[in-house]
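Working notes for the structure below.
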Amino acid sequence: MESGSDVIELIPRSTLLDNIVIEAPRIHKKVRLGWMGGKDGVLPLDTIQGGGAVAMLLEPPKTPCFVDRIQLRLMYNSKDTLAFRLHFYAYDSIHDQPGRELLSKEIILKEQKRYGWMSFDLKEYGIVIDEAKFFIGFEWIDQRNERLKMIDGLLDWQRWKENEFKNGNPKVELINTIDMDSIPVSYYKYNGNMMNWPGFKELPPFTGLMVETGKHKKTMGYRTFERKTSFGKWNELNSTLNTVLTVVY
């Protein structure tokens with residue numbers, strides 16, 4: 001210690017600190033899966049038994065993914081309140097079709113729109129999909145008497161189109177194509193508003209969904225299936241359902 005100043009000598013000591021890991025906030029990515037194009041086609045209920053449904057195959061870029069929102073396009077709805085039972089199906093690779101149900105609880109989608117896009121926020125349900133491929137499905141909910149009336153009405157609709165074609169109506173054409181099993185199929189297509197059909201007002205309240213008929217390069221991956229009843233066989237359609245599922249991962 002020198003005169004006029006105090007000098008304190010410090011002895012260095014090493015102290016081992018716990019590892020500190022600094023992580024940047026995770027950025028969640030939102031992806032929209034599905035198809036929004038097309039202006040034709042309709043999938044109304046046309047069976048006596050219940051459980052008719054339509055489903056589209058989707059492939060998320062990464063799993064697991066969290067379901068955020070679903071959009072579904074109406075062709076026409078004449079009900080005061082429409083209702084669909086929502087489904088998520090696993091992909092059955094053996095039978096190449098919708099397989100087991102992935103949801104553990106029932107979710108009913110309700111809306112009062114007449115036409116156009118519907119949007120449903122599904123975040124509150126906490127749905128997590130851990131499948132490389134899966135189907136999103138929509139099941140019509142209708143009373144038996146409504147289904148019976150619809151069958152009769154749609155038969156009249158088909159007969160009307162056939163008669164109009166034979167009478168030279170330029171808005172009706174005969175479509176000759178093949179289905180997904182390479183079987184020839186013929187049907188009459190009306191290139192106009194179905195509400196112009198005189199028998200339209202006799203139909204019971206129904207809900208029709210928009211599809212794009214036919215397939216092209218952009219829609220080949222969005223395979224659409226339908227079943228006529230709860231225990232019916234799934235059949236692939238030569239069309240694409242207008243629906244978009246937003247997922248987060």
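Following the order of the structure tokens, chains are lettered A, B, ..., residues in each are numbered from 1, and ligands are numbered from 1.
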
Point to revise | Phe225 (chain A) environment, 10 Å, only C-alpha atoms, sequence neighbours closer than 4 positions dropped, as JSON, numbers by chain | key: {"A": [53, 54, 55, 56, 57, 97, 98, 135, 137, 233, 234, 235, 236, 237, 238, 239, 240, 241]}

Dump N, CA and C atoms for the selected residues as a PDB file, in the first residue's frame?
ATOM      1  N   ALA A  53     -72.425 -37.723 -48.494  1.00  0.00           N
ATOM      2  CA  ALA A  53     -71.298 -36.845 -48.187  1.00  0.00           C
ATOM      3  C   ALA A  53     -70.382 -36.712 -49.387  1.00  0.00           C
ATOM      4  N   VAL A  54     -69.566 -35.678 -49.353  1.00  0.00           N
ATOM      5  CA  VAL A  54     -68.546 -35.446 -50.366  1.00  0.00           C
ATOM      6  C   VAL A  54     -67.243 -35.163 -49.636  1.00  0.00           C
ATOM      7  N   ALA A  55     -66.118 -35.589 -50.211  1.00  0.00           N
ATOM      8  CA  ALA A  55     -64.824 -35.426 -49.546  1.00  0.00           C
ATOM      9  C   ALA A  55     -63.737 -35.139 -50.569  1.00  0.00           C
ATOM     10  N   MET A  56     -62.764 -34.313 -50.172  1.00  0.00           N
ATOM     11  CA  MET A  56     -61.641 -33.976 -51.049  1.00  0.00           C
ATOM     12  C   MET A  56     -60.325 -34.383 -50.396  1.00  0.00           C
ATOM     13  N   LEU A  57     -59.419 -34.938 -51.204  1.00  0.00           N
ATOM     14  CA  LEU A  57     -58.105 -35.365 -50.725  1.00  0.00           C
ATOM     15  C   LEU A  57     -57.156 -34.169 -50.675  1.00  0.00           C
ATOM     16  N   GLN A  97     -59.192 -44.461 -51.026  1.00  0.00           N
ATOM     17  CA  GLN A  97     -60.424 -43.721 -50.783  1.00  0.00           C
ATOM     18  C   GLN A  97     -60.416 -43.200 -49.342  1.00  0.00           C
ATOM     19  N   PRO A  98     -61.431 -42.408 -48.946  1.00  0.00           N
ATOM     20  CA  PRO A  98     -61.518 -41.988 -47.552  1.00  0.00           C
ATOM     21  C   PRO A  98     -61.593 -43.189 -46.617  1.00  0.00           C
ATOM     22  N   PHE A 135     -58.522 -36.562 -45.991  1.00  0.00           N
ATOM     23  CA  PHE A 135     -59.690 -36.018 -46.674  1.00  0.00           C
ATOM     24  C   PHE A 135     -60.436 -35.078 -45.742  1.00  0.00           C
ATOM     25  N   GLY A 137     -64.262 -33.715 -45.355  1.00  0.00           N
ATOM     26  CA  GLY A 137     -65.559 -34.148 -45.867  1.00  0.00           C
ATOM     27  C   GLY A 137     -66.716 -33.350 -45.295  1.00  0.00           C
ATOM     28  N   LYS A 233     -70.680 -46.915 -50.598  1.00  0.00           N
ATOM     29  CA  LYS A 233     -69.350 -46.976 -51.189  1.00  0.00           C
ATOM     30  C   LYS A 233     -68.916 -45.585 -51.640  1.00  0.00           C
ATOM     31  N   TRP A 234     -67.643 -45.281 -51.403  1.00  0.00           N
ATOM     32  CA  TRP A 234     -67.090 -44.031 -51.896  1.00  0.00           C
ATOM     33  C   TRP A 234     -66.770 -44.178 -53.380  1.00  0.00           C
ATOM     34  N   ASN A 235     -67.181 -43.201 -54.172  1.00  0.00           N
ATOM     35  CA  ASN A 235     -66.893 -43.189 -55.601  1.00  0.00           C
ATOM     36  C   ASN A 235     -66.204 -41.881 -55.967  1.00  0.00           C
ATOM     37  N   GLU A 236     -65.154 -41.990 -56.770  1.00  0.00           N
ATOM     38  CA  GLU A 236     -64.447 -40.783 -57.181  1.00  0.00           C
ATOM     39  C   GLU A 236     -65.212 -40.074 -58.290  1.00  0.00           C
ATOM     40  N   LEU A 237     -65.276 -38.751 -58.193  1.00  0.00           N
ATOM     41  CA  LEU A 237     -65.979 -37.936 -59.173  1.00  0.00           C
ATOM     42  C   LEU A 237     -65.007 -37.347 -60.186  1.00  0.00           C
ATOM     43  N   ASN A 238     -65.489 -37.146 -61.371  1.00  0.00           N
ATOM     44  CA  ASN A 238     -64.693 -36.470 -62.391  1.00  0.00           C
ATOM     45  C   ASN A 238     -64.924 -34.961 -62.283  1.00  0.00           C
ATOM     46  N   SER A 239     -64.738 -34.455 -61.090  1.00  0.00           N
ATOM     47  CA  SER A 239     -64.961 -33.037 -60.803  1.00  0.00           C
ATOM     48  C   SER A 239     -64.177 -32.673 -59.551  1.00  0.00           C
ATOM     49  N   THR A 240     -64.170 -31.388 -59.224  1.00  0.00           N
ATOM     50  CA  THR A 240     -63.385 -30.904 -58.090  1.00  0.00           C
ATOM     51  C   THR A 240     -64.248 -30.018 -57.205  1.00  0.00           C
ATOM     52  N   LEU A 241     -64.364 -30.383 -55.944  1.00  0.00           N
ATOM     53  CA  LEU A 241     -65.141 -29.609 -54.991  1.00  0.00           C
ATOM     54  C   LEU A 241     -64.477 -28.259 -54.745  1.00  0.00           C
TER      55      LEU A 241
END

**Study point:** Backbone-only DSSP, strand (DSSP E or B) members of region 49-102 of chain A, as a ChimeraX atom specification
**Key:** /A:53-58,65-77,82-92,97-101

Based on the selection just made, write N, CA and C atoms of those residues as a CSV table (one decimal), in the first residue's frame.
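Output contents, as saved in result14.csv:
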chain,number,residue,atom,x,y,z
A,53,ALA,N,-72.4,-37.7,-48.5
A,53,ALA,CA,-71.3,-36.8,-48.2
A,53,ALA,C,-70.4,-36.7,-49.4
A,54,VAL,N,-69.6,-35.7,-49.4
A,54,VAL,CA,-68.5,-35.4,-50.4
A,54,VAL,C,-67.2,-35.2,-49.6
A,55,ALA,N,-66.1,-35.6,-50.2
A,55,ALA,CA,-64.8,-35.4,-49.5
A,55,ALA,C,-63.7,-35.1,-50.6
A,56,MET,N,-62.8,-34.3,-50.2
A,56,MET,CA,-61.6,-34.0,-51.0
A,56,MET,C,-60.3,-34.4,-50.4
A,57,LEU,N,-59.4,-34.9,-51.2
A,57,LEU,CA,-58.1,-35.4,-50.7
A,57,LEU,C,-57.2,-34.2,-50.7
A,58,LEU,N,-56.5,-34.0,-49.5
A,58,LEU,CA,-55.5,-32.9,-49.3
A,58,LEU,C,-54.2,-33.4,-48.8
A,65,CYS,N,-50.1,-30.6,-38.5
A,65,CYS,CA,-50.6,-29.3,-38.8
A,65,CYS,C,-51.9,-29.0,-38.1
A,66,PHE,N,-52.1,-27.7,-37.8
A,66,PHE,CA,-53.3,-27.3,-37.0
A,66,PHE,C,-54.4,-26.7,-37.9
A,67,VAL,N,-55.6,-27.2,-37.8
A,67,VAL,CA,-56.7,-26.6,-38.6
A,67,VAL,C,-57.1,-25.3,-38.2
A,68,ASP,N,-57.0,-24.3,-39.1
A,68,ASP,CA,-57.3,-22.9,-38.8
A,68,ASP,C,-58.7,-22.5,-39.2
A,69,ARG,N,-59.0,-22.8,-40.5
A,69,ARG,CA,-60.3,-22.3,-41.1
A,69,ARG,C,-60.6,-23.1,-42.3
A,70,ILE,N,-62.0,-23.2,-42.6
A,70,ILE,CA,-62.4,-23.9,-43.8
A,70,ILE,C,-63.4,-23.0,-44.5
A,71,GLN,N,-63.2,-23.0,-45.8
A,71,GLN,CA,-64.1,-22.3,-46.7
A,71,GLN,C,-64.8,-23.3,-47.7
A,72,LEU,N,-66.0,-23.1,-47.9
A,72,LEU,CA,-66.8,-24.0,-48.7
A,72,LEU,C,-67.8,-23.1,-49.6
A,73,ARG,N,-67.9,-23.5,-50.9
A,73,ARG,CA,-68.6,-22.6,-51.8
A,73,ARG,C,-70.0,-23.2,-52.1
A,74,LEU,N,-71.0,-22.4,-51.9
A,74,LEU,CA,-72.4,-22.8,-52.2
A,74,LEU,C,-72.7,-22.5,-53.6
A,75,MET,N,-73.4,-23.5,-54.3
A,75,MET,CA,-74.0,-23.3,-55.6
A,75,MET,C,-75.3,-22.6,-55.3
A,76,TYR,N,-76.1,-23.2,-54.4
A,76,TYR,CA,-77.4,-22.6,-54.0
A,76,TYR,C,-77.9,-23.2,-52.7
A,77,ASN,N,-78.5,-22.4,-51.9
A,77,ASN,CA,-79.1,-22.9,-50.7
A,77,ASN,C,-80.5,-22.3,-50.5
A,82,LEU,N,-78.7,-23.8,-43.3
A,82,LEU,CA,-78.2,-25.1,-43.8
A,82,LEU,C,-77.3,-25.7,-42.7
A,83,ALA,N,-77.1,-27.0,-42.8
A,83,ALA,CA,-76.2,-27.7,-41.8
A,83,ALA,C,-75.5,-28.8,-42.5
A,84,PHE,N,-74.2,-28.9,-42.3
A,84,PHE,CA,-73.3,-29.9,-42.7
A,84,PHE,C,-72.5,-30.5,-41.5
A,85,ARG,N,-72.4,-31.8,-41.5
A,85,ARG,CA,-71.5,-32.4,-40.5
A,85,ARG,C,-70.1,-32.5,-41.1
A,86,LEU,N,-69.2,-31.9,-40.4
A,86,LEU,CA,-67.8,-31.9,-40.8
A,86,LEU,C,-67.0,-33.2,-40.5
A,87,HIS,N,-66.2,-33.6,-41.5
A,87,HIS,CA,-65.5,-34.8,-41.3
A,87,HIS,C,-64.0,-34.6,-41.7
A,88,PHE,N,-63.1,-35.3,-41.0
A,88,PHE,CA,-61.7,-35.4,-41.5
A,88,PHE,C,-61.5,-36.9,-41.5
A,89,TYR,N,-61.1,-37.4,-42.7
A,89,TYR,CA,-60.9,-38.9,-42.9
A,89,TYR,C,-59.4,-39.1,-43.2
A,90,ALA,N,-58.9,-40.2,-42.7
A,90,ALA,CA,-57.6,-40.7,-43.0
A,90,ALA,C,-57.6,-41.2,-44.5
A,91,TYR,N,-56.5,-41.2,-45.1
A,91,TYR,CA,-56.4,-41.7,-46.5
A,91,TYR,C,-56.2,-43.2,-46.4
A,92,ASP,N,-57.1,-44.0,-47.0
A,92,ASP,CA,-57.1,-45.5,-47.0
A,92,ASP,C,-56.3,-45.8,-48.2
A,97,GLN,N,-59.2,-44.5,-51.0
A,97,GLN,CA,-60.4,-43.7,-50.8
A,97,GLN,C,-60.4,-43.2,-49.3
A,98,PRO,N,-61.4,-42.4,-48.9
A,98,PRO,CA,-61.5,-42.0,-47.6
A,98,PRO,C,-61.6,-43.2,-46.6
A,99,GLY,N,-60.9,-43.1,-45.5
A,99,GLY,CA,-60.8,-44.2,-44.5
A,99,GLY,C,-61.4,-43.8,-43.2
A,100,ARG,N,-60.7,-44.1,-42.1
A,100,ARG,CA,-61.3,-43.9,-40.8
A,100,ARG,C,-61.4,-42.4,-40.5
A,101,GLU,N,-62.4,-42.2,-39.6
A,101,GLU,CA,-62.7,-40.8,-39.1
A,101,GLU,C,-61.5,-40.4,-38.2

Review point. Nearest to Tyr190 (chain A): which of A:Leu203, A:Ser78, A:Phe134, A:Asp40 is it, counting only C-alpha atoms?
Key: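 Of A:Leu203, A:Ser78, A:Phe134, A:Asp40, the one nearest Tyr190 (chain A), counting only C-alpha atoms, is A:Asp40.
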
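Distance check against Lys161 (chain A) using only C-alpha atoms: of A:Met194, A:Leu245, A:Ile94, A:Ala132, the minimum falls on A:Met194.
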
Practice item. Check the smallest atom-to-atom distance from each of A:Asp179, A:Asp121, A:Glu139, A:Glu226 to Glu106 (chain A) using only C-alpha atoms, then report the winner. Key: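 Among the listed residues, A:Glu139 lies closest to Glu106 (chain A).
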
Practice item. Kindly indicate which residue among A:His216, A:Asn191, A:Gln143, A:Thr224 lies nearest to Lys39 (chain A), using only C-alpha atoms for the distances. Key: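 Of A:His216, A:Asn191, A:Gln143, A:Thr224, the one nearest Lys39 (chain A), counting only C-alpha atoms, is A:Asn191.
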
Hey, what's within 10 Å of Ile175 (chain A) if we count only C-alpha atoms and toss same-chain stuff fewer than 2 positions away? As a tab-separated table (two decimals) with C-alpha atoms, in the first residue's frame, please?
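Output saved as part24.tsv:
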chain	number	residue	atom	x	y	z
A	172	VAL	CA	-78.77	-27.86	-73.11
A	173	GLU	CA	-75.99	-30.12	-74.37
A	177	THR	CA	-67.39	-38.72	-71.27
A	178	ILE	CA	-65.85	-41.49	-69.17
A	185	VAL	CA	-71.04	-41.86	-69.16
A	186	SER	CA	-73.58	-39.60	-70.85
A	187	TYR	CA	-75.60	-36.82	-69.25
A	188	TYR	CA	-77.40	-33.62	-70.15
A	189	LYS	CA	-75.94	-30.32	-68.99

Exercise for review: Using CA of Asn242 (chain A) and CA of Ser119 (chain A) as the two end points, give the distance in Å to one decimal.
Suggested key: 12.2 Å

**Study point:** Residue list (alpha helix (DSSP H), DSSP) for region 2-245 of chain A, as a ChimeraX atom specification
**Key:** /A:144-166

Point to revise | Two-atom distance - CA of Val247 (chain A), CA of Lys105 (chain A) (Å) | key: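 Going from CA of Val247 (chain A) over to CA of Lys105 (chain A), I get 19.0 Å.
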